[in-house]
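Accompanying notes for the structure given below.
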Amino acid sequence: MSLIHNNHHTWDSQFGRSRNLQLCTVFAVDKNRKMKLTNEEYKDKQGEYEGGIDVVSLDVTQNLEQQWEALDVRPDLVVSKMHNALGNIDDDVHKSSMKHYSSLEKTSDNFNKLNIIPIECEYVLHDRYSMAEFLKRIARVVNMVGNTESIGCSTPKWLTYSKINPAKPVDLPPFPIVIKPKSTAIKKMGVAFDVAGLKHFCDNSECDDFSLEQYIPHSGVVYKIYVIARHIFVGSRPSLPDIDSATPDELSKFAAEIKGEYIPHSEEVDGTGYVTFLSNVITNRAGNIEAKRITDPDIDLPDLNAAIVDTFRLAIELEWNIELFGFDVLVDKNNQTHYVVDCNALPGYKGVPNFLGHMNKLFIRHGIRKGLQE
């Protein structure tokens with residue numbers, strides 16, 4: 001079968017007629033998901049797009065093999081997003097979802113060939129340990145080959161920590177330390193200023209394993225990088241403020257700014273104390289984000305190095321053959337080093353203008369490519 005793009009449809013030479021591209025989506029259950037890929041979304045704005053797409057969504061909580069085999073028209077493409085299930089594997093619904101997904105993945109080679117979101121990248125990115133190692137390796141490649149104008153690309157120093165086998169103080173990154181649960185699905189985090197605060201936070205957390213990450217002074221701004229094929233969009237939102245002092249008054253102000261809680265020194269907490277916060281609350285503080293193309297002449301991002309961002313984008317794309325992803329960058333206010341601190345496949349594209357239109361073009365291109373290969 002060969003697929004050729006013609007006006008607003010895809011020409012199917014096997015049947016000798018014009019038809020819309022068939023897109024199948026398989027998403028883990030996530031009530032908070034902002035980005036949708038549904039027929040309703042596309043048909044509302046179909047006139048704005050370059051090609052027509054019909055979307056069918058499989059219910060990941062039910063038998064996926066049976067749903068796949070029962071499809072009236074075999075899909076041209078698959079887009080899956082199992083991150084939420086991978087990060088909540090102890091939850092019965094998500095455990096069942098991953099069982100259904102793994103079964104379909106193993107039994108249908110066609111499903112894997114059509115999927116443009118490699119599941120192996122989601123296995124890496126749902127876990128902060130494997131994500132940190134991956135980003136560290138990519139940053140090393142960027143520094144070797146990128147035209148970075150002497151500005152370095154890096155990842156924060158980090159260390160694994162568990163309640164069962166806590167790290168020795170001599171091995172810790174320098175304080176303050178950002179404490180992140182191993183699973184990216186858990187949003188409660190902390191900032192510790194000494195060993196006592198670190199231990200008290202971890203001992204009283206719902207999880208057992210953590211990533212201890214070096215705090216980077218970055219003027220309280222995180223740059224959100226969104227990639228759709230070779231198009232790079234950049235937005236910014238508030239992040240953790242800079243910490244100039246660890247006095248109780250300053251830490252109380254710090255906690256209040258991020259809608260967190262300062263746990264002060266007490267009979268139970270030795271030392272300075274620590275701050276707890278929810279990462280999704282910090283994200284939502286920003287309200288509406290406006291993301292622009294990194295090549296937009298009106299973009300005002302004086303601290304961000306476009307060459308580093310583009311080289312990092314290219315390295316991830318080549319690693320996984322993926323064109324729908326995003327990553328977060330902190331720029332050290334002291335030396336301009338670019339620290340990449342997060343990465344995910346098929347992000348929400350918050351603030352990206354007409355992101356469905358850009359994705360539509362990408363899907364059509366993938367459909368043509370896969371059709372020509374058959």
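Naming scheme: A, B, ... for chains in displayed order of the structure tokens; residues 1 onward per chain; ligands 1 onward as shown.
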
Picked from stretch 126-322 of chain A by DSSP as helix (DSSP H, G or I), as a PyMOL selection string: chain A and resi 128-145+169-171+195-203+248-257+279-285+306-320

Shell of 7 Å around stretch 171-175 of chain A, only C-alpha atoms, local chain residues under 3 positions omitted, as a PyMOL selection string: chain A and resi 157-159+167-168+193-194+213-214

Go ahead and dump the residues you just picked, N, CA, C and O atoms, as a PDB file, in the first residue's frame.
```pdb
ATOM      1  N   LYS A 157      24.279  17.693  39.696  1.00  0.00           N
ATOM      2  CA  LYS A 157      24.810  16.529  40.397  1.00  0.00           C
ATOM      3  C   LYS A 157      23.661  15.878  41.170  1.00  0.00           C
ATOM      4  O   LYS A 157      22.819  16.566  41.739  1.00  0.00           O
ATOM      5  N   TRP A 158      23.625  14.568  41.161  1.00  0.00           N
ATOM      6  CA  TRP A 158      22.527  13.888  41.835  1.00  0.00           C
ATOM      7  C   TRP A 158      23.004  12.577  42.437  1.00  0.00           C
ATOM      8  O   TRP A 158      24.078  12.061  42.101  1.00  0.00           O
ATOM      9  N   LEU A 159      22.199  12.046  43.335  1.00  0.00           N
ATOM     10  CA  LEU A 159      22.556  10.830  44.046  1.00  0.00           C
ATOM     11  C   LEU A 159      21.269  10.081  44.399  1.00  0.00           C
ATOM     12  O   LEU A 159      20.252  10.695  44.724  1.00  0.00           O
ATOM     13  N   ALA A 167      22.159   7.478  51.821  1.00  0.00           N
ATOM     14  CA  ALA A 167      23.496   7.876  51.386  1.00  0.00           C
ATOM     15  C   ALA A 167      24.298   8.405  52.571  1.00  0.00           C
ATOM     16  O   ALA A 167      23.753   8.962  53.520  1.00  0.00           O
ATOM     17  N   LYS A 168      25.605   8.219  52.514  1.00  0.00           N
ATOM     18  CA  LYS A 168      26.478   8.781  53.541  1.00  0.00           C
ATOM     19  C   LYS A 168      26.617  10.288  53.316  1.00  0.00           C
ATOM     20  O   LYS A 168      26.674  10.747  52.168  1.00  0.00           O
ATOM     21  N   PHE A 193      18.450  21.632  53.782  1.00  0.00           N
ATOM     22  CA  PHE A 193      19.603  22.514  53.966  1.00  0.00           C
ATOM     23  C   PHE A 193      20.667  21.880  54.847  1.00  0.00           C
ATOM     24  O   PHE A 193      21.732  22.452  55.050  1.00  0.00           O
ATOM     25  N   ASP A 194      20.359  20.690  55.359  1.00  0.00           N
ATOM     26  CA  ASP A 194      21.339  19.930  56.130  1.00  0.00           C
ATOM     27  C   ASP A 194      20.886  18.470  56.172  1.00  0.00           C
ATOM     28  O   ASP A 194      19.784  18.121  55.719  1.00  0.00           O
ATOM     29  N   GLU A 213      19.144  16.033  44.330  1.00  0.00           N
ATOM     30  CA  GLU A 213      19.643  16.822  43.212  1.00  0.00           C
ATOM     31  C   GLU A 213      20.221  18.156  43.672  1.00  0.00           C
ATOM     32  O   GLU A 213      19.635  18.848  44.505  1.00  0.00           O
ATOM     33  N   GLN A 214      21.356  18.480  43.140  1.00  0.00           N
ATOM     34  CA  GLN A 214      22.002  19.761  43.420  1.00  0.00           C
ATOM     35  C   GLN A 214      21.076  20.922  43.064  1.00  0.00           C
ATOM     36  O   GLN A 214      20.448  20.918  42.004  1.00  0.00           O
TER      37      GLN A 214
END
```

For atom CA of A:Ser103 and atom CA of A:Glu65, the interatomic separation in Å (one decimal): 7.4 Å

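Those residues in stretch 74-187 of chain A carrying a DSSP assignment of strand (DSSP E), computed from the backbone, are A:Leu77, A:Val78, A:Val79, A:Ser80, A:Lys81, A:Cys153, A:Ser154, A:Trp158, A:Leu159, A:Thr160, A:Tyr161, A:Ser162, A:Ile177, A:Val178, A:Ile179, A:Lys180, A:Pro181.
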
Output file for the residues above (N, CA and C atoms, as a CSV table (one decimal), in the first residue's frame):
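This is the output file out.csv:
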```csv
chain,number,residue,atom,x,y,z
A,77,LEU,N,-1.1,5.1,11.7
A,77,LEU,CA,-0.2,5.5,12.8
A,77,LEU,C,-0.8,5.2,14.1
A,78,VAL,N,0.1,5.0,15.1
A,78,VAL,CA,-0.3,4.8,16.5
A,78,VAL,C,0.5,5.9,17.3
A,79,VAL,N,-0.2,6.5,18.3
A,79,VAL,CA,0.5,7.4,19.2
A,79,VAL,C,0.1,6.9,20.6
A,80,SER,N,1.1,6.5,21.4
A,80,SER,CA,0.8,6.0,22.7
A,80,SER,C,1.4,6.9,23.8
A,81,LYS,N,0.8,6.9,25.0
A,81,LYS,CA,1.4,7.7,26.1
A,81,LYS,C,1.1,6.9,27.4
A,153,CYS,N,26.8,22.7,28.8
A,153,CYS,CA,25.5,22.1,29.0
A,153,CYS,C,25.8,21.0,30.0
A,154,SER,N,24.9,20.8,31.0
A,154,SER,CA,25.1,19.9,32.0
A,154,SER,C,23.8,19.4,32.6
A,158,TRP,N,23.6,14.6,41.2
A,158,TRP,CA,22.5,13.9,41.8
A,158,TRP,C,23.0,12.6,42.4
A,159,LEU,N,22.2,12.0,43.3
A,159,LEU,CA,22.6,10.8,44.0
A,159,LEU,C,21.3,10.1,44.4
A,160,THR,N,21.3,8.8,44.3
A,160,THR,CA,20.2,8.0,44.8
A,160,THR,C,20.2,7.9,46.3
A,161,TYR,N,19.0,7.8,46.8
A,161,TYR,CA,18.8,7.8,48.3
A,161,TYR,C,17.6,6.9,48.6
A,162,SER,N,17.7,6.0,49.6
A,162,SER,CA,16.5,5.2,50.0
A,162,SER,C,16.5,5.2,51.5
A,177,ILE,N,19.8,20.9,48.8
A,177,ILE,CA,19.5,19.8,48.0
A,177,ILE,C,18.0,19.7,47.7
A,178,VAL,N,17.7,19.5,46.4
A,178,VAL,CA,16.3,19.3,46.0
A,178,VAL,C,16.0,17.8,46.1
A,179,ILE,N,15.0,17.4,46.9
A,179,ILE,CA,14.6,16.0,47.1
A,179,ILE,C,13.5,15.6,46.2
A,180,LYS,N,13.7,14.7,45.2
A,180,LYS,CA,12.6,14.3,44.3
A,180,LYS,C,12.4,12.8,44.5
A,181,PRO,N,11.1,12.4,44.5
A,181,PRO,CA,10.8,10.9,44.5
A,181,PRO,C,11.3,10.3,43.3
```

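Contact shell of A:Thr283 at 10 Å (only C-alpha atoms; same-chain neighbours under 4 positions omitted): Val222, Arg237, Pro238, Ser239, Ile258, Leu278, Ser279 and Gly287 of chain A.
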
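Among the candidates A:Thr107, A:Gly326, A:Ile308, A:Phe363, the residue lying nearest to A:Met144 is A:Ile308 (atoms considered: only C-alpha atoms).
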
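Using only C-alpha atoms for every distance, the candidate list A:Val93, A:Asn284, A:Pro241, A:Asp296 yields A:Pro241 as the residue closest to A:Lys253.
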
Contacts of stretch 338-343 of chain A at 8 Å (only C-alpha atoms; same-chain gap of 3+ positions) as a list of chain:residue names: A:Leu125, A:Met131, A:Ala132, A:Leu135, A:Ala139, A:Ile151, A:Gly152, A:Cys153, A:Ser154, A:Thr155, A:Pro156, A:Leu304, A:Ile308, A:Phe325, A:Gly326, A:Phe327, A:Asp328, A:Val329, A:Leu330, A:Val331, A:Asp332

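Checking A:Val170, A:Leu86, A:Val281, A:Val142 one by one against A:Ala185, counting only C-alpha atoms, you find the shortest gap at A:Leu86.
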
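Distances from A:Pro248, A:Pro118, A:Gly357, A:Pro166 to A:Gly273 were compared using only C-alpha atoms, and the smallest one belongs to A:Pro248.
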
Point-to-point distance in Å for atom CA of A:Lys333 and atom CA of A:Leu301: 13.4 Å

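Straight-line separation from atom CA of A:His358 to atom CA of A:Phe312: 20.6 Å.
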